file my_file13.txt (compact mmCIF, C-alpha atoms)
# COMPACT_ATOMS: atom_id res chain seq x y z
CA MET A 1 -8.46 0.61 27.10
CA THR A 2 -6.97 3.03 24.62
CA ALA A 3 -6.62 6.78 25.22
CA LEU A 4 -9.90 8.54 24.64
CA PRO A 5 -10.23 11.54 22.34
CA PRO A 6 -11.37 14.83 23.97
CA GLY A 7 -15.09 14.93 24.63
CA SER A 8 -15.42 11.15 24.79
CA PRO A 9 -17.56 9.58 27.48
CA GLN A 10 -15.86 8.37 30.68
CA PRO A 11 -14.23 4.92 30.42
CA GLY A 12 -16.87 3.20 32.58
CA ARG A 13 -19.69 4.73 30.61
CA GLN A 14 -17.96 4.01 27.34
CA LEU A 15 -17.52 0.36 28.30
CA GLU A 16 -21.18 0.19 29.20
CA GLU A 17 -22.19 1.66 25.84
CA ARG A 18 -19.92 -0.72 23.98
CA LEU A 19 -21.34 -3.66 25.86
CA ARG A 20 -24.87 -2.53 25.05
CA GLU A 21 -24.05 -2.18 21.38
CA GLY A 22 -22.02 -5.39 21.46
CA GLN A 23 -24.95 -7.32 22.89
CA ARG A 24 -26.93 -6.60 19.74
CA VAL A 25 -24.01 -7.61 17.57
CA LEU A 26 -23.60 -10.78 19.66
CA ALA A 27 -27.23 -11.73 19.06
CA GLY A 28 -26.84 -11.11 15.32
CA VAL A 29 -23.64 -13.15 15.08
CA ALA A 30 -25.21 -15.99 17.09
CA ARG A 31 -28.12 -16.05 14.65
CA ARG A 32 -25.73 -16.18 11.72
CA VAL A 33 -23.49 -18.90 13.19
CA PHE A 34 -26.63 -20.85 14.09
CA GLN A 35 -27.65 -20.79 10.42
CA ARG A 36 -24.16 -21.58 9.13
CA LEU A 37 -23.94 -24.61 11.40
CA GLY A 38 -27.25 -25.81 10.06
CA GLY A 39 -29.08 -25.22 13.36
CA LEU A 40 -27.03 -27.90 15.12
CA VAL A 41 -26.15 -25.75 18.15
CA ASP A 42 -28.62 -23.83 20.28
CA ARG A 43 -28.57 -20.05 19.77
CA ASP A 44 -28.44 -19.35 23.51
CA ASP A 45 -25.41 -21.63 23.78
CA LEU A 46 -23.73 -19.69 21.00
CA GLU A 47 -24.43 -16.38 22.76
CA SER A 48 -22.94 -17.78 25.97
CA LEU A 49 -19.83 -18.85 24.09
CA GLY A 50 -19.43 -15.38 22.61
CA ARG A 51 -20.08 -13.33 25.76
CA PRO A 52 -16.53 -13.46 27.25
CA ALA A 53 -15.16 -12.37 23.86
CA LEU A 54 -17.61 -9.46 23.82
CA LEU A 55 -16.36 -8.25 27.19
CA ALA A 56 -12.73 -8.59 26.10
CA ALA A 57 -13.47 -6.80 22.81
CA ALA A 58 -15.27 -3.93 24.58
CA ARG A 59 -12.19 -3.43 26.76
CA SER A 60 -9.56 -3.73 24.06
CA PHE A 61 -11.22 -1.98 21.10
CA ASP A 62 -9.08 0.61 19.34
CA PRO A 63 -11.26 3.05 17.31
CA ALA A 64 -8.40 3.55 14.83
CA ARG A 65 -8.90 -0.04 13.62
CA GLY A 66 -12.43 0.41 12.26
CA THR A 67 -15.95 0.16 13.63
CA PHE A 68 -16.67 -1.44 16.98
CA ALA A 69 -19.45 -3.53 15.47
CA ALA A 70 -17.10 -5.13 12.93
CA TYR A 71 -14.40 -5.65 15.56
CA VAL A 72 -16.67 -7.28 18.07
CA ALA A 73 -18.43 -9.37 15.41
CA ALA A 74 -15.13 -10.96 14.35
CA ARG A 75 -14.13 -11.68 17.96
CA VAL A 76 -17.40 -13.20 19.10
CA ARG A 77 -17.73 -15.25 15.90
CA SER A 78 -14.29 -16.78 16.50
CA ALA A 79 -15.17 -17.45 20.13
CA MET A 80 -18.41 -19.17 19.13
CA VAL A 81 -16.90 -21.46 16.51
CA ASP A 82 -13.91 -22.24 18.75
CA GLY A 83 -16.32 -23.04 21.56
CA VAL A 84 -18.40 -25.35 19.38
CA ARG A 85 -15.23 -27.16 18.33
CA ARG A 86 -14.08 -27.58 21.92
CA GLU A 87 -17.35 -28.51 23.56
CA THR A 88 -19.69 -31.42 23.01
CA HIS A 89 -22.20 -30.31 20.41
CA GLY A 90 -21.85 -33.36 18.20
CA ARG A 91 -19.33 -34.37 15.58
CA THR A 92 -21.07 -32.64 12.67
CA ALA A 93 -21.33 -29.29 14.45
CA ALA A 94 -17.68 -29.48 15.52
CA ALA A 95 -16.55 -30.38 12.00
CA ARG A 96 -18.53 -27.58 10.38
CA ALA A 97 -17.33 -25.11 13.01
CA HIS A 98 -13.72 -26.11 12.37
CA VAL A 99 -14.07 -25.65 8.61
CA LEU A 100 -15.88 -22.32 8.95
CA ALA A 101 -13.30 -21.13 11.48
CA GLY A 102 -10.58 -21.67 8.88
CA ALA A 103 -12.52 -19.66 6.31
CA ASP A 104 -13.22 -16.92 8.86
CA ARG A 105 -9.54 -16.76 9.78
CA ALA A 106 -8.67 -16.23 6.13
CA CYS A 107 -11.23 -13.42 5.87
CA GLU A 108 -10.03 -11.82 9.11
CA PHE A 109 -6.44 -11.90 7.93
CA HIS A 110 -7.45 -10.27 4.65
CA SER A 111 -9.30 -7.57 6.60
CA GLU A 112 -6.43 -6.92 8.99
CA ASN A 113 -3.99 -6.57 6.11
CA GLU A 114 -6.10 -4.20 4.08
CA PRO A 115 -4.12 -0.98 3.59
CA ARG A 116 -5.47 1.46 6.17
CA ASP A 117 -5.03 4.55 4.06
CA ALA A 118 -5.78 3.03 0.70
CA GLY A 119 -7.94 5.99 -0.34
CA VAL A 120 -9.38 5.47 -3.80
CA VAL A 121 -8.55 2.09 -5.31
CA THR A 122 -8.71 1.26 -9.00
CA GLN A 123 -11.15 -1.37 -10.13
CA GLU A 124 -8.25 -3.69 -11.02
CA GLU A 125 -6.89 -3.41 -7.48
CA GLY A 126 -10.37 -3.99 -6.13
CA GLU A 127 -10.82 -7.09 -8.27
CA ALA A 128 -7.42 -8.47 -7.28
CA SER A 129 -8.28 -7.98 -3.62
CA LEU A 130 -11.67 -9.67 -4.05
CA ASP A 131 -10.13 -12.63 -5.88
CA GLN A 132 -7.55 -12.99 -3.12
CA LEU A 133 -10.30 -13.00 -0.51
CA LEU A 134 -12.45 -15.50 -2.43
CA ASP A 135 -9.47 -17.76 -3.25
CA GLY A 136 -8.61 -17.94 0.45
CA GLN A 137 -12.20 -18.74 1.38
CA ALA A 138 -12.52 -21.38 -1.33
CA ALA A 139 -9.23 -23.05 -0.34
CA ALA A 140 -10.18 -23.15 3.35
CA LEU A 141 -13.63 -24.57 2.63
CA ALA A 142 -12.33 -27.12 0.12
CA LEU A 143 -9.59 -28.32 2.47
CA GLY A 144 -12.17 -28.62 5.24
CA VAL A 145 -14.55 -30.59 3.06
CA VAL A 146 -11.76 -32.92 1.90
CA ALA A 147 -10.45 -33.40 5.44
CA TYR A 148 -13.79 -33.88 7.21
CA GLY A 149 -15.78 -35.55 4.43
CA ALA A 150 -18.67 -37.49 5.91
CA ASP A 151 -18.40 -35.71 9.29
CA LEU A 152 -19.91 -32.60 7.70
CA ASP A 153 -23.06 -34.61 7.06
CA LEU A 154 -23.54 -33.27 3.56
CA THR A 155 -25.27 -36.27 2.07
CA PRO A 156 -24.62 -36.81 -1.63
CA GLY A 157 -27.75 -36.54 -3.74
CA SER A 158 -26.78 -39.43 -5.99
CA GLU A 159 -24.20 -42.15 -6.42
CA GLU A 160 -20.78 -41.06 -7.65
CA SER A 161 -20.13 -42.25 -11.19
CA PRO A 162 -16.86 -44.06 -12.04
CA GLU A 163 -15.80 -40.98 -14.01
CA ASP A 164 -16.48 -38.72 -11.01
CA ARG A 165 -14.48 -41.11 -8.82
CA PHE A 166 -11.57 -40.97 -11.24
CA LEU A 167 -11.65 -37.17 -11.41
CA ARG A 168 -11.89 -36.96 -7.64
CA LYS A 169 -8.90 -39.20 -7.15
CA GLU A 170 -6.91 -37.22 -9.68
CA SER A 171 -7.87 -33.89 -8.09
CA LEU A 172 -7.01 -35.13 -4.62
CA GLY A 173 -3.63 -36.25 -5.96
CA ARG A 174 -3.05 -32.73 -7.28
CA LEU A 175 -4.06 -31.27 -3.92
CA ASP A 176 -1.65 -33.60 -2.15
CA GLY A 177 1.11 -32.53 -4.53
CA ALA A 178 0.30 -28.87 -3.92
CA LEU A 179 0.42 -29.45 -0.16
CA GLU A 180 3.79 -31.17 -0.46
CA GLY A 181 5.08 -28.19 -2.40
CA LEU A 182 4.36 -25.75 0.42
CA PRO A 183 7.19 -24.42 2.58
CA GLU A 184 7.61 -26.64 5.63
CA ARG A 185 5.93 -24.47 8.25
CA GLU A 186 2.94 -23.76 6.01
CA ARG A 187 2.63 -27.47 5.21
CA VAL A 188 2.77 -28.46 8.87
CA LEU A 189 0.22 -25.81 9.74
CA ILE A 190 -2.25 -26.89 7.05
CA ARG A 191 -1.89 -30.58 7.86
CA ARG A 192 -2.25 -30.03 11.61
CA TYR A 193 -5.13 -27.58 11.30
CA TYR A 194 -7.27 -29.29 8.67
CA PHE A 195 -6.33 -32.95 8.89
CA GLU A 196 -5.49 -33.35 12.58
CA GLU A 197 -7.98 -30.87 14.04
CA GLY A 198 -5.36 -28.67 15.68
CA THR A 199 -6.16 -25.13 16.73
CA LEU A 200 -4.25 -22.22 15.27
CA GLU A 201 -3.16 -21.21 18.78
CA GLY A 202 -1.83 -24.70 19.53
CA ILE A 203 -0.08 -24.99 16.19
CA ALA A 204 1.47 -21.54 16.70
CA ARG A 205 2.92 -22.77 20.00
CA GLU A 206 4.28 -25.92 18.36
CA LEU A 207 5.91 -23.88 15.60
CA GLY A 208 7.25 -21.33 18.11
CA VAL A 209 5.48 -18.40 16.46
CA SER A 210 2.79 -15.98 17.58
CA THR A 211 -0.87 -16.66 16.76
CA SER A 212 -0.95 -13.69 14.41
CA TRP A 213 2.09 -15.06 12.59
CA ALA A 214 0.40 -18.46 12.36
CA SER A 215 -2.60 -16.67 10.91
CA ARG A 216 -0.32 -15.12 8.30
CA LEU A 217 1.21 -18.53 7.48
CA HIS A 218 -2.30 -19.96 7.15
CA ALA A 219 -3.35 -17.23 4.70
CA GLN A 220 -0.10 -17.59 2.73
CA ALA A 221 -0.57 -21.35 2.53
CA LEU A 222 -4.13 -21.01 1.23
CA GLU A 223 -2.94 -18.51 -1.36
CA SER A 224 -0.07 -20.80 -2.44
CA LEU A 225 -2.44 -23.75 -2.75
CA ALA A 226 -4.85 -21.76 -4.88
CA ARG A 227 -1.98 -20.63 -7.08
CA ALA A 228 -0.54 -24.13 -7.39
CA LEU A 229 -3.90 -25.60 -8.37
CA GLY A 230 -4.50 -22.85 -10.91
CA ARG A 231 -7.55 -20.81 -11.70
CA ALA A 232 -9.92 -22.76 -13.91
CA THR A 233 -11.38 -20.86 -16.80
CA MET B 1 -22.49 -3.43 -18.09
CA SER B 2 -24.01 -6.40 -19.82
CA GLY B 3 -25.92 -9.02 -17.93
CA LEU B 4 -25.85 -7.20 -14.60
CA PRO B 5 -29.00 -6.54 -12.66
CA GLY B 6 -27.11 -3.39 -11.66
CA PRO B 7 -29.82 -0.97 -10.61
CA THR B 8 -31.46 -3.53 -8.35
CA LEU B 9 -28.23 -4.59 -6.74
CA ALA B 10 -27.06 -1.00 -6.52
CA THR B 11 -30.28 0.04 -4.84
CA ILE B 12 -29.94 -2.78 -2.34
CA HIS B 13 -26.43 -1.64 -1.51
CA ALA B 14 -27.39 1.97 -1.13
CA THR B 15 -30.30 1.09 1.14
CA TRP B 16 -28.21 -1.39 3.07
CA ASN B 17 -25.55 1.26 3.66
CA ARG B 18 -28.10 3.80 4.83
CA HIS B 19 -29.59 1.36 7.31
CA ARG B 20 -26.24 0.12 8.51
CA ALA B 21 -24.97 3.66 8.96
CA ARG B 22 -27.87 4.33 11.27
CA PHE B 23 -26.65 1.48 13.45
CA SER B 24 -22.94 2.10 13.44
CA LYS B 25 -22.20 5.79 13.09
CA GLY B 26 -23.87 7.01 16.23
CA ARG B 27 -22.51 4.37 18.55
CA SER B 28 -22.32 6.65 21.56
CA ARG B 29 -25.66 8.36 20.92
CA ARG B 30 -27.27 5.34 19.37
CA ALA B 31 -30.88 5.59 20.42
CA LYS B 32 -31.19 9.26 19.52
CA LEU B 33 -29.52 8.93 16.15
CA HIS B 34 -31.43 5.82 15.18
CA GLY B 35 -34.70 7.44 16.04
CA PHE B 36 -35.71 4.25 17.82
CA GLY B 37 -35.53 5.74 21.31
CA ASP B 38 -34.92 3.19 24.04
CA ASP B 39 -37.86 1.06 23.06
CA PRO B 40 -36.48 -2.48 22.72
CA LEU B 41 -39.30 -3.44 20.40
CA ALA B 42 -38.46 -0.57 18.07
CA ILE B 43 -34.76 -1.52 18.15
CA ALA B 44 -35.66 -5.14 17.48
CA ALA B 45 -37.80 -4.01 14.56
CA GLY B 46 -34.80 -2.12 13.19
CA CYS B 47 -32.65 -5.22 13.54
CA ALA B 48 -35.32 -7.28 11.83
CA THR B 49 -35.13 -4.83 8.92
CA LEU B 50 -31.39 -5.43 8.74
CA ARG B 51 -31.89 -9.19 8.81
CA THR B 52 -34.42 -8.99 6.03
CA MET B 53 -32.04 -6.83 4.03
CA ALA B 54 -29.19 -9.28 4.58
CA ARG B 55 -31.39 -12.06 3.21
CA THR B 56 -32.40 -9.89 0.27
CA LEU B 57 -28.79 -8.98 -0.39
CA LEU B 58 -27.79 -12.66 -0.31
CA ALA B 59 -30.44 -13.44 -2.91
CA GLU B 60 -29.34 -10.49 -5.04
CA LEU B 61 -25.69 -11.55 -4.92
CA LYS B 62 -26.57 -15.08 -5.97
CA ALA B 63 -28.49 -13.64 -8.91
CA ASP B 64 -25.69 -11.29 -9.96
CA PRO B 65 -23.71 -12.91 -12.83
CA TRP B 66 -20.53 -10.95 -12.11
CA THR B 67 -20.41 -12.02 -8.46
CA VAL B 68 -21.44 -15.59 -9.29
CA ALA B 69 -18.62 -15.83 -11.87
CA ARG B 70 -16.09 -14.59 -9.30
CA VAL B 71 -17.17 -17.06 -6.63
CA ASP B 72 -17.38 -19.97 -9.06
CA ALA B 73 -13.95 -19.22 -10.52
CA SER B 74 -12.43 -19.43 -7.03
CA LEU B 75 -14.16 -22.71 -6.30
CA ALA B 76 -13.68 -24.29 -9.74
CA ARG B 77 -10.21 -25.68 -9.03
CA TYR B 78 -11.64 -27.72 -6.14
CA ALA B 79 -14.83 -28.78 -7.91
CA HIS B 80 -13.79 -32.38 -8.58
CA MET B 81 -12.57 -32.87 -5.01
CA MET B 82 -16.07 -32.44 -3.66
CA THR B 83 -19.44 -33.99 -4.29
CA PRO B 84 -22.06 -31.67 -5.81
CA VAL B 85 -23.70 -31.29 -2.40
CA GLN B 86 -20.40 -30.41 -0.70
CA LEU B 87 -19.60 -27.95 -3.48
CA ALA B 88 -23.02 -26.34 -3.12
CA TRP B 89 -22.47 -26.03 0.62
CA ALA B 90 -19.06 -24.39 0.16
CA ARG B 91 -20.53 -22.02 -2.44
CA GLU B 92 -23.40 -21.11 -0.10
CA GLN B 93 -20.89 -20.34 2.67
CA MET B 94 -18.97 -18.02 0.35
CA PHE B 95 -22.07 -16.09 -0.65
CA GLU B 96 -23.16 -15.96 2.96
CA GLN B 97 -19.80 -14.45 3.92
CA LEU B 98 -20.05 -11.88 1.14
CA ALA B 99 -23.53 -10.83 2.19
CA ASN B 100 -22.94 -10.69 5.92
CA ASP B 101 -19.31 -9.92 6.63
CA GLU B 102 -18.61 -6.19 6.63
CA HIS B 103 -15.09 -6.56 5.23
CA ALA B 104 -16.10 -9.05 2.54
CA LEU B 105 -18.99 -6.86 1.45
CA ARG B 106 -16.75 -3.79 1.31
CA THR B 107 -14.19 -5.70 -0.77
CA LEU B 108 -16.93 -6.81 -3.14
CA ARG B 109 -18.31 -3.28 -3.48
CA ARG B 110 -14.85 -1.95 -4.33
CA ALA B 111 -14.32 -4.58 -6.99
CA HIS B 112 -17.76 -4.72 -8.55
CA PRO B 113 -18.20 -2.73 -11.77
CA ARG B 114 -20.34 0.30 -11.01
CA GLU B 115 -23.26 1.30 -13.04
CA GLY B 116 -25.60 4.26 -13.04
CA ASP B 117 -29.28 3.42 -12.88
CA GLU B 118 -31.85 4.81 -15.28
CA SER B 119 -32.34 7.93 -13.20
CA GLY B 120 -28.64 8.71 -13.56
CA ASP B 121 -27.86 7.95 -9.90
CA VAL B 122 -24.83 5.80 -9.25
CA GLY B 123 -25.96 3.32 -6.67
CA TRP B 124 -22.54 2.14 -5.56
CA PRO B 125 -20.65 4.12 -2.95
CA ALA B 126 -17.43 5.85 -3.99
CA LEU B 127 -14.63 3.36 -4.58
CA GLY B 128 -12.61 4.80 -1.69
CA ASP B 129 -15.35 3.57 0.65
CA GLU B 130 -16.80 5.66 3.38
CA ASP B 131 -16.11 3.16 6.12
CA THR B 132 -12.32 3.09 6.20
CA PRO B 133 -10.61 4.89 9.09
CA ALA B 134 -8.77 7.16 6.65
CA VAL B 135 -11.99 8.33 5.03
CA ARG B 136 -13.70 8.74 8.41
CA LYS B 137 -10.79 10.81 9.61
CA ARG B 138 -11.04 13.06 6.57
CA SER B 139 -14.77 13.53 7.01
CA GLU B 140 -14.36 14.27 10.73
CA ALA B 141 -11.62 16.81 10.00
CA GLY B 142 -13.61 18.41 7.18
call {"tool": "encode", "arguments": {"input": "my_file13.txt", "output": "structure tokens"}}
result
Amino acid sequence: MTALPPGSPQPGRQLEERLREGQRVLAGVARRVFQRLGGLVDRDDLESLGRPALLAAARSFDPARGTFAAYVAARVRSAMVDGVRRETHGRTAAARAHVLAGADRACEFHSENEPRDAGVVTQEEGEASLDQLLDGQAAALALGVVAYGADLDLTPGSEESPEDRFLRKESLGRLDGALEGLPERERVLIRRYYFEEGTLEGIARELGVSTSWASRLHAQALESLARALGRAT
Amino acid sequence: MSGLPGPTLATIHATWNRHRARFSKGRSRRAKLHGFGDDPLAIAAGCATLRTMARTLLAELKADPWTVARVDASLARYAHMMTPVQLAWAREQMFEQLANDEHALRTLRRAHPREGDESGDVGWPALGDEDTPAVRKRSEAG
């Protein structure tokens, strides 16, 4: 628990208030994850998966880092998708959770690295920041879709034409080339995370870096991939 | 700004911010500030309003050409790697993130061209954003 400013409630009472507020956030996040996973995991199960993270977040929250609601939402969302990946909720749910976890990680990293005292930003800076966020999301989702394919249970509406097959093969070749061009640790991380279902924590241990550093490598790799593949006009 | 349903989207944002502020600013004195008392039904009704607004915002973002162009440009380089259904799913997830994630929404608001509505009100919050710790600190000090 961080030092409390003068006039703040007592730690026990503050924890209680955070838990009460966090409970509402937990329910909202569970509803959202439920929808994102296509209703494949029970909402009560999701809330159970997020509850330990809520308690930990209520204890560790630092008001200087932003709002409690945003802080706790990020923590419980990660706990829920990690839980769905670990536990037996079916292959499709686990695959979707893994892909969404990658996209969430990219968004979290972007949030954590936002300048804290940015003050007024120009529209150009704002646009660059938005593009960076969206590029990271798009890369994470695309890698997940490519890696998991049929496991995501997103049934094609029609047969793929020979031309589509050709373009797909060509695009996948470009993606493979872009992956090969990444620095070694970023390449290992992307391959292990997306194509071998590793967790960021496990991969961080393998690489001998902290989880937050692995998160940075992940974000850098997504950015490099997006750059290497170019922005279509 | 051509092609933007600005006033509608701006109104949604302004309303969204007002509602969200009621839920986040008075964390320690929540019930009193929200005006919902301790009545769980009233609080649930407030949350339902937020949910409805999130859905409305999602629909507004998907109808906003500027936002759509930004999302599609990010996804375009992967378009041929995915089937149309997979691409639509990825796109839906990106819009969903923009509409529901506080950081993503703030980033979008900062980047989105602002526009005054017909009454002369500017619906978008100031670019510096009222939610950042630095701005909160200033407003607390002032």
call {"tool": "atom_distance", "arguments": {"input": "my_file13.txt", "atom1": "CA of Gly50 (chain A)", "atom2": "CA of Arg18 (chain A)"}}
result
14.7 Å
call {"tool": "closest_residue", "arguments": {"input": "my_file13.txt", "among": "B:Leu105, B:Ala90, B:Ala99, B:Leu58", "to": "Ser74 (chain B)", "atoms": "all atoms listed in the file"}}
result
B:Ala90
call {"tool": "closest_residue", "arguments": {"input": "my_file13.txt", "among": "A:Glu170, A:Ser111, A:Asp135, A:Ala94", "to": "Gly230 (chain A)", "atoms": "only C-alpha atoms"}}
result
A:Asp135
call {"tool": "atom_distance", "arguments": {"input": "my_file13.txt", "atom1": "CA of Lys62 (chain B)", "atom2": "CA of Arg114 (chain B)"}}
result
17.3 Å
call {"tool": "closest_atom_pairs", "arguments": {"input": "my_file13.txt", "of": "chain A", "to": "chain B", "cutoff": "8 Å", "atoms": "all atoms listed in the file", "output": "CSV"}}
result
residue,atom,partner,partner_atom,distance
A:Gln14,CA,B:Ser28,CA,7.7
A:Glu17,CA,B:Ser28,CA,6.6
A:Arg18,CA,B:Arg27,CA,7.9
A:Glu21,CA,B:Arg27,CA,7.3
A:Arg36,CA,B:Gln93,CA,7.3
A:Ala64,CA,B:Pro133,CA,6.3
A:Arg65,CA,B:Pro133,CA,6.9
A:Gly66,CA,B:Pro133,CA,5.8
A:Thr67,CA,B:Ser24,CA,7.3
A:Ala69,CA,B:Ser24,CA,6.9
A:Ala70,CA,B:Glu102,CA,6.6
A:Cys107,CA,B:Ala104,CA,7.3
A:Ser111,CA,B:His103,CA,6.0
A:Arg116,CA,B:Ala134,CA,6.6
A:Asp117,CA,B:Ala134,CA,5.2
A:Ala118,CA,B:Gly128,CA,7.4
A:Gly119,CA,B:Gly128,CA,5.0
A:Val120,CA,B:Gly128,CA,3.9
A:Val121,CA,B:Gly128,CA,6.1
A:Thr122,CA,B:Leu127,CA,7.7
A:Gln123,CA,B:Ala111,CA,5.5
A:Glu124,CA,B:Ala111,CA,7.3
A:Glu125,CA,B:Ala111,CA,7.5
A:Gly126,CA,B:Ala111,CA,4.1
A:Glu127,CA,B:Ala111,CA,4.5
A:Ala128,CA,B:Ala111,CA,7.9
A:Ser129,CA,B:Thr107,CA,6.9
A:Leu130,CA,B:Thr107,CA,5.7
A:Asp131,CA,B:Arg70,CA,7.1
A:Leu133,CA,B:Ala104,CA,7.7
A:Leu134,CA,B:Ser74,CA,6.1
A:Asp135,CA,B:Ser74,CA,5.1
A:Gln137,CA,B:Met94,CA,6.9
A:Ala138,CA,B:Leu75,CA,5.4
A:Ala139,CA,B:Leu75,CA,7.7
A:Leu141,CA,B:Ala90,CA,6.0
A:Ala142,CA,B:Tyr78,CA,6.3
A:Val145,CA,B:Gln86,CA,7.0
A:Val146,CA,B:Met81,CA,7.0
A:Leu154,CA,B:Gln86,CA,6.0
A:Thr155,CA,B:Val85,CA,6.9
A:Pro156,CA,B:Val85,CA,5.6
A:Gly157,CA,B:Val85,CA,6.8
A:Glu160,CA,B:Thr83,CA,7.9
A:Asp164,CA,B:His80,CA,7.3
A:Leu167,CA,B:His80,CA,6.0
A:Arg168,CA,B:Met81,CA,4.9
A:Lys169,CA,B:Met81,CA,7.6
A:Ser171,CA,B:Met81,CA,5.7
A:Leu172,CA,B:Met81,CA,6.0
A:Ala226,CA,B:Arg77,CA,7.8
A:Leu229,CA,B:Arg77,CA,6.3
A:Gly230,CA,B:Arg77,CA,6.6
A:Arg231,CA,B:Arg77,CA,6.2
A:Ala232,CA,B:Arg77,CA,5.7
A:Thr233,CA,B:Ala73,CA,7.0
call {"tool": "residues_around", "arguments": {"input": "my_file13.txt", "residues": "Ser215 (chain A)", "least_positions_apart": "6", "cutoff": "12 Å", "atoms": "only C-alpha atoms", "output": "count of residues only"}}
result
26
call {"tool": "axis_aligned_box", "arguments": {"input": "my_file13.txt", "around": "region 89-108 of chain B", "padding_each_side": "5 Å", "output": "AutoDock Vina command-line options"}}
result
--center_x -18.9 --center_y -14.9 --center_z 1.7 --size_x 19.3 --size_y 32.2 --size_z 19.8
